[in-house]
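Here is the file final23.cif (mmCIF, C-alpha atoms).
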```
data_final
#
loop_
_atom_site.group_PDB
_atom_site.id
_atom_site.type_symbol
_atom_site.label_atom_id
_atom_site.label_comp_id
_atom_site.auth_asym_id
_atom_site.auth_seq_id
_atom_site.Cartn_x
_atom_site.Cartn_y
_atom_site.Cartn_z
ATOM 1 C CA MET A 1 79.270 29.379 30.202
ATOM 2 C CA ASP A 2 76.752 32.211 29.977
ATOM 3 C CA GLU A 3 73.032 31.810 30.607
ATOM 4 C CA PHE A 4 71.999 31.471 26.931
ATOM 5 C CA SER A 5 74.662 28.870 26.183
ATOM 6 C CA GLY A 6 73.644 26.889 29.267
ATOM 7 C CA LEU A 7 69.975 26.900 28.203
ATOM 8 C CA ALA A 8 70.873 25.798 24.656
ATOM 9 C CA ALA A 9 73.059 22.990 25.999
ATOM 10 C CA PHE A 10 70.185 21.857 28.265
ATOM 11 C CA VAL A 11 67.696 21.764 25.371
ATOM 12 C CA VAL A 12 70.128 19.831 23.140
ATOM 13 C CA ALA A 13 70.826 17.354 25.922
ATOM 14 C CA CYS A 14 67.063 16.808 26.488
ATOM 15 C CA LEU A 15 66.490 16.168 22.796
ATOM 16 C CA LEU A 16 69.371 13.682 22.621
ATOM 17 C CA LEU A 17 68.152 11.828 25.708
ATOM 18 C CA SER A 18 64.569 11.682 24.348
ATOM 19 C CA ALA A 19 65.779 10.320 21.015
ATOM 20 C CA THR A 20 67.923 7.737 22.821
ATOM 21 C CA TYR A 21 64.953 6.652 24.998
ATOM 22 C CA LEU A 22 62.606 6.261 22.023
ATOM 23 C CA SER A 23 65.225 4.283 20.103
ATOM 24 C CA PHE A 24 65.796 2.007 23.095
ATOM 25 C CA GLN A 25 62.065 1.463 23.576
ATOM 26 C CA SER A 26 61.642 0.600 19.904
ATOM 27 C CA PHE A 27 64.552 -1.845 20.128
ATOM 28 C CA VAL A 28 63.037 -3.505 23.192
ATOM 29 C CA ASN A 29 59.555 -3.856 21.616
ATOM 30 C CA GLU A 30 60.737 -5.148 18.247
ATOM 31 C CA TRP A 31 63.780 -7.250 19.116
ATOM 32 C CA LEU A 32 64.266 -7.886 22.795
ATOM 33 C CA GLN A 33 60.654 -8.680 23.819
ATOM 34 C CA PRO A 34 60.160 -11.549 21.261
ATOM 35 C CA VAL A 35 63.475 -13.093 22.360
ATOM 36 C CA VAL A 36 62.477 -12.903 26.033
ATOM 37 C CA GLU A 37 59.054 -14.445 25.262
ATOM 38 C CA ARG A 38 60.644 -17.387 23.390
ATOM 39 C CA ILE A 39 63.054 -18.024 26.255
ATOM 40 C CA PHE A 40 60.215 -17.804 28.805
ATOM 41 C CA ARG A 41 58.058 -20.290 26.831
ATOM 42 C CA LYS A 42 60.958 -22.778 26.687
ATOM 43 C CA LYS A 43 61.437 -22.617 30.461
ATOM 44 C CA HIS A 44 57.697 -22.627 31.303
ATOM 45 C CA PRO A 45 55.891 -24.577 28.526
ATOM 46 C CA HIS A 46 52.827 -25.294 30.711
ATOM 47 C CA ILE A 47 51.811 -21.648 30.757
ATOM 48 C CA GLU A 48 49.661 -20.885 27.758
ATOM 49 C CA PRO A 49 49.626 -17.390 26.362
ATOM 50 C CA GLU A 50 46.363 -15.575 26.823
ATOM 51 C CA PRO A 51 44.145 -16.107 23.811
ATOM 52 C CA GLU A 52 43.287 -13.087 21.823
ATOM 53 C CA VAL A 53 39.762 -11.931 22.537
ATOM 54 C CA GLU A 54 37.831 -11.570 19.366
ATOM 55 C CA PRO A 55 35.431 -8.681 19.297
ATOM 56 C CA ILE A 56 31.871 -9.804 19.925
ATOM 57 C CA THR A 57 29.645 -9.028 17.019
ATOM 58 C CA GLU A 58 25.950 -8.907 17.746
ATOM 59 C CA THR A 59 24.031 -11.252 15.571
ATOM 60 C CA LEU A 60 20.949 -9.757 14.113
ATOM 61 C CA GLN A 61 17.822 -11.307 15.488
ATOM 62 C CA GLU A 62 15.782 -13.060 12.898
ATOM 63 C CA GLU A 63 12.683 -11.178 11.984
ATOM 64 C CA PRO A 64 9.453 -12.922 12.938
ATOM 65 C CA SER A 65 8.122 -15.072 10.162
ATOM 66 C CA VAL A 66 5.191 -13.823 8.120
ATOM 67 C CA PRO A 67 1.876 -15.250 9.399
ATOM 68 C CA ASN A 68 0.512 -18.127 7.389
ATOM 69 C CA TYR A 69 -1.725 -16.582 4.732
ATOM 70 C CA GLU A 70 -4.213 -19.441 4.506
ATOM 71 C CA GLU A 71 -4.613 -19.599 8.288
ATOM 72 C CA TYR A 72 -5.155 -15.843 8.500
ATOM 73 C CA LYS A 73 -7.678 -15.934 5.656
ATOM 74 C CA LEU A 74 -9.571 -18.845 7.222
ATOM 75 C CA THR A 75 -9.743 -17.064 10.582
ATOM 76 C CA ALA A 76 -11.100 -13.908 8.949
ATOM 77 C CA GLN A 77 -13.711 -15.882 7.003
ATOM 78 C CA GLN A 78 -14.834 -17.708 10.140
ATOM 79 C CA LYS A 79 -15.221 -14.384 11.951
ATOM 80 C CA ILE A 80 -17.359 -12.979 9.118
ATOM 81 C CA GLN A 81 -19.530 -16.101 9.053
ATOM 82 C CA GLN A 82 -20.012 -15.917 12.816
ATOM 83 C CA GLU A 83 -21.073 -12.257 12.606
ATOM 84 C CA GLN A 84 -23.493 -13.060 9.763
ATOM 85 C CA ALA A 85 -25.015 -15.911 11.771
ATOM 86 C CA GLN A 86 -25.468 -13.629 14.790
ATOM 87 C CA THR A 87 -27.104 -10.968 12.603
ATOM 88 C CA LEU A 88 -29.524 -13.508 11.118
ATOM 89 C CA GLU A 89 -30.389 -14.766 14.581
ATOM 90 C CA ARG A 90 -31.219 -11.220 15.734
ATOM 91 C CA VAL A 91 -33.366 -10.564 12.656
ATOM 92 C CA LEU A 92 -35.314 -13.806 13.022
ATOM 93 C CA ALA A 93 -35.925 -13.155 16.728
ATOM 94 C CA TYR A 94 -37.132 -9.640 15.879
ATOM 95 C CA THR A 95 -39.387 -11.050 13.148
ATOM 96 C CA GLY A 96 -40.980 -13.494 15.532
ATOM 97 C CA GLN A 97 -41.569 -10.822 18.185
ATOM 98 C CA LYS A 98 -43.091 -8.309 15.766
ATOM 99 C CA MET A 99 -45.044 -10.494 13.356
ATOM 100 C CA ALA A 100 -46.364 -13.412 15.442
ATOM 101 C CA LEU A 101 -49.534 -11.472 16.400
ATOM 102 C CA TYR A 102 -50.343 -10.653 12.781
ATOM 103 C CA MET A 103 -49.570 -13.914 10.924
ATOM 104 C CA THR A 104 -50.379 -17.594 11.104
ATOM 105 C CA GLU A 105 -47.626 -19.932 12.230
ATOM 106 C CA GLU A 106 -47.255 -21.292 8.687
ATOM 107 C CA ASP A 107 -46.922 -17.815 7.188
ATOM 108 C CA LEU A 108 -44.414 -16.797 9.875
ATOM 109 C CA GLN A 109 -42.275 -19.853 9.145
ATOM 110 C CA GLN A 110 -42.435 -19.064 5.435
ATOM 111 C CA LEU A 111 -41.446 -15.450 6.107
ATOM 112 C CA CYS A 112 -38.430 -16.606 8.128
ATOM 113 C CA GLU A 113 -37.350 -18.829 5.229
ATOM 114 C CA HIS A 114 -37.578 -15.860 2.871
ATOM 115 C CA ILE A 115 -35.532 -13.769 5.314
ATOM 116 C CA ARG A 116 -32.784 -16.428 5.484
ATOM 117 C CA ALA A 117 -32.517 -16.272 1.695
ATOM 118 C CA PHE A 118 -32.777 -12.461 1.676
ATOM 119 C CA GLN A 119 -29.583 -12.101 3.748
ATOM 120 C CA PHE A 120 -27.467 -12.995 0.699
ATOM 121 C CA ALA A 121 -29.991 -12.473 -2.117
ATOM 122 C CA THR A 122 -29.648 -10.003 -4.979
ATOM 123 C CA GLU A 123 -32.455 -7.857 -6.365
ATOM 124 C CA GLN A 124 -32.956 -10.354 -9.204
ATOM 125 C CA GLU A 125 -33.183 -13.269 -6.760
ATOM 126 C CA CYS A 126 -35.827 -11.403 -4.727
ATOM 127 C CA GLU A 127 -37.921 -11.187 -7.896
ATOM 128 C CA GLN A 128 -38.007 -15.008 -7.989
ATOM 129 C CA ILE A 129 -40.012 -15.268 -4.724
ATOM 130 C CA ASP A 130 -43.230 -17.077 -5.646
ATOM 131 C CA THR A 131 -44.638 -17.952 -2.193
ATOM 132 C CA PRO A 132 -45.858 -14.686 -0.668
ATOM 133 C CA VAL A 133 -47.174 -14.537 2.877
ATOM 134 C CA THR A 134 -50.298 -12.938 4.300
ATOM 135 C CA VAL A 135 -50.532 -10.605 7.277
ATOM 136 C CA ASP A 136 -53.414 -9.328 9.380
ATOM 137 C CA ALA A 137 -55.198 -6.217 8.145
ATOM 138 C CA LYS A 138 -54.052 -4.421 11.288
ATOM 139 C CA LEU A 139 -50.634 -4.016 9.673
ATOM 140 C CA LYS A 140 -50.671 -1.279 7.055
ATOM 141 C CA SER A 141 -48.250 -0.847 4.188
ATOM 142 C CA ILE A 142 -46.235 1.623 6.279
ATOM 143 C CA ASP A 143 -45.711 -1.107 8.888
ATOM 144 C CA LEU A 144 -44.447 -3.523 6.256
ATOM 145 C CA MET A 145 -42.096 -0.901 4.855
ATOM 146 C CA HIS A 146 -40.730 -0.134 8.315
ATOM 147 C CA PHE A 147 -40.321 -3.865 8.954
ATOM 148 C CA GLY A 148 -38.499 -4.264 5.649
ATOM 149 C CA TRP A 149 -36.158 -1.358 6.353
ATOM 150 C CA ASN A 150 -35.369 -2.656 9.849
ATOM 151 C CA ILE A 151 -34.251 -6.077 8.623
ATOM 152 C CA GLY A 152 -32.669 -4.793 5.400
ATOM 153 C CA ASN A 153 -30.567 -2.364 7.408
ATOM 154 C CA GLN A 154 -29.181 -5.242 9.487
ATOM 155 C CA PHE A 155 -28.190 -7.092 6.308
ATOM 156 C CA LYS A 156 -26.792 -3.855 4.806
ATOM 157 C CA LYS A 157 -29.163 -4.116 1.853
ATOM 158 C CA SER A 158 -29.777 -1.300 -0.592
ATOM 159 C CA GLY A 159 -33.156 0.407 -0.780
ATOM 160 C CA ILE A 160 -34.032 -1.229 -4.098
ATOM 161 C CA GLU A 161 -33.171 -4.709 -2.800
ATOM 162 C CA THR A 162 -35.317 -4.226 0.299
ATOM 163 C CA ALA A 163 -38.210 -2.780 -1.692
ATOM 164 C CA THR A 164 -38.098 -5.688 -4.179
ATOM 165 C CA PHE A 165 -38.069 -8.197 -1.308
ATOM 166 C CA LEU A 166 -41.125 -6.573 0.301
ATOM 167 C CA LYS A 167 -43.007 -6.344 -3.008
ATOM 168 C CA TYR A 168 -42.757 -10.087 -3.637
ATOM 169 C CA VAL A 169 -43.027 -11.379 -0.047
ATOM 170 C CA PHE A 170 -46.081 -9.227 0.801
ATOM 171 C CA ALA A 171 -47.478 -9.335 -2.713
ATOM 172 C CA LYS A 172 -51.141 -9.077 -1.654
ATOM 173 C CA GLU A 173 -50.707 -6.196 0.772
ATOM 174 C CA LEU A 174 -48.410 -4.191 -1.551
ATOM 175 C CA LYS A 175 -50.032 -5.026 -4.887
ATOM 176 C CA GLU A 176 -51.001 -1.377 -5.428
ATOM 177 C CA SER A 177 -47.479 -0.077 -4.699
ATOM 178 C CA GLU A 178 -44.651 0.100 -7.213
ATOM 179 C CA ILE A 179 -41.146 -0.953 -6.129
ATOM 180 C CA SER A 180 -39.915 2.614 -6.616
ATOM 181 C CA THR A 181 -42.673 3.875 -4.311
ATOM 182 C CA ILE A 182 -41.878 1.281 -1.665
ATOM 183 C CA LYS A 183 -38.203 2.243 -1.839
ATOM 184 C CA ARG A 184 -39.067 5.910 -1.369
ATOM 185 C CA LYS A 185 -41.382 5.226 1.601
ATOM 186 C CA LEU A 186 -39.285 2.693 3.531
ATOM 187 C CA ARG A 187 -38.780 5.220 6.338
ATOM 188 C CA ALA A 188 -41.948 7.204 5.872
ATOM 189 C CA GLU A 189 -43.413 8.851 8.939
ATOM 190 C CA GLY A 190 -46.981 8.245 10.011
ATOM 191 C CA THR A 191 -49.251 6.313 12.335
ATOM 192 C CA CYS A 192 -47.861 2.791 12.564
ATOM 193 C CA ILE A 193 -47.446 -0.271 14.739
ATOM 194 C CA ILE A 194 -43.911 -1.184 13.622
ATOM 195 C CA LYS A 195 -41.463 1.614 14.284
ATOM 196 C CA ILE A 196 -38.130 2.287 12.592
ATOM 197 C CA LYS A 197 -35.300 0.695 14.576
ATOM 198 C CA GLU A 198 -31.633 1.300 13.790
ATOM 199 C CA GLU A 199 -30.539 -1.575 16.012
ATOM 200 C CA LEU A 200 -32.522 -4.743 16.704
#
```
Can the structure in the file be given as structure tokens, please?
Amino acid sequence: MDEFSGLAAFVVACLLLSATYLSFQSFVNEWLQPVVERIFRKKHPHIEPEPEVEPITETLQEEPSVPNYEEYKLTAQQKIQQEQAQTLERVLAYTGQKMALYMTEEDLQQLCEHIRAFQFATEQECEQIDTPVTVDAKLKSIDLMHFGWNIGNQFKKSGIETATFLKYVFAKELKESEISTIKRKLRAEGTCIIKIKEEL
């Protein structure tokens, strides 16, 4: 046999052997293996086949529950009330320190009562003040305006609310001043005893 014929015969033989091997393997997997397994189980019944392992699926973690609305709201309200109480305490302490030398004890107590109401009062409610207080002549109108701005700023009051409060609380001292004038001069510069203070 020549070289080409020998090579062709070799290739054909390889193909036939490969086909035979694949056919035999398929026969073993489909027919012979189940028969062998049944026979093995009959002879050794105490040996359990390995259980199939199911793929582990990750369970999604539950999202954290939404915070209780009422509890959150109550906490926020309590915080606001605490801050308001601290602000009022600062303002009253400042009032006592600045005004005690220029007012009687009764007038100072009355002023503090007006200030407690002023923290939450509207402009219209300030107009209802009917118990004004009196201060020493050493305090000029500019001092009263500075005092009013200092406490009104702590309560985050508007200029018109602060001016109305001053007009009715210090009615005698500011009788010649209009509310619009007081509003305009709350931070006026000039010789004074009570200075403008951003923070008390």
Spatial sel., origin (-41.3, -2.9, 12.4), limit 12 Å, only C-alpha atoms, listed as a PyMOL selection string: chain A and resi 91+94-99+102+139-153+186-187+192-200
Separation of CA of Asp107 (chain A) from CA of Glu173 (chain A), in Å and rounded to one decimal: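 One can read the CA of Asp107 (chain A) to CA of Glu173 (chain A) distance as 13.8 Å.
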Result set, the PyMOL selection byres ((chain A and resi 89) around 12) on current file, as a VMD selection string: chain A and resid 82 to 88 90 to 96 112 115 to 116 119 151 154 to 155 200
Counting all atoms listed in the file, the option among A:Val35, A:Ala188, A:Leu17, A:Leu111 closest to Thr131 (chain A):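 With all atoms listed in the file as the atom set, the closest residue is A:Leu111.
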Residue nearest Tyr168 (chain A) among A:Glu123, A:Asp2, A:Asp130, A:Glu30 (counting all atoms listed in the file):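 The closest residue to Tyr168 (chain A) is A:Asp130.
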Separation of CA of Lys157 (chain A) from CA of Lys79 (chain A), in Å and rounded to one decimal: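 Taking CA of Lys157 (chain A) and CA of Lys79 (chain A), their separation equals 20.0 Å.
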Selection: 12 Å around Pro132 (chain A), only C-alpha atoms, excl. self and same-chain fewer than 2 positions, as a ChimeraX atom specification: /A:106-115,126-130,134-135,165-175
Centre, edges in Å (one decimal): axis-aligned box, region 27-35 of chain A, 8 Å padding on all six sides, as lines of an AutoDock Vina configuration file:
```
center_x = 62.1
center_y = -7.5
center_z = 21.0
size_x = 21.0
size_y = 27.2
size_z = 21.6
```
Selected residue of minimal separation from Val133 (chain A) among A:Leu74, A:Leu15, A:Met103, A:Ala8, counting all atoms listed in the file: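 Once distances to Val133 (chain A) are computed over all atoms listed in the file, the minimum belongs to A:Met103.
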Gap from CA of Ala163 (chain A) to CA of Glu178 (chain A) - Å, one decimal: 9.0 Å
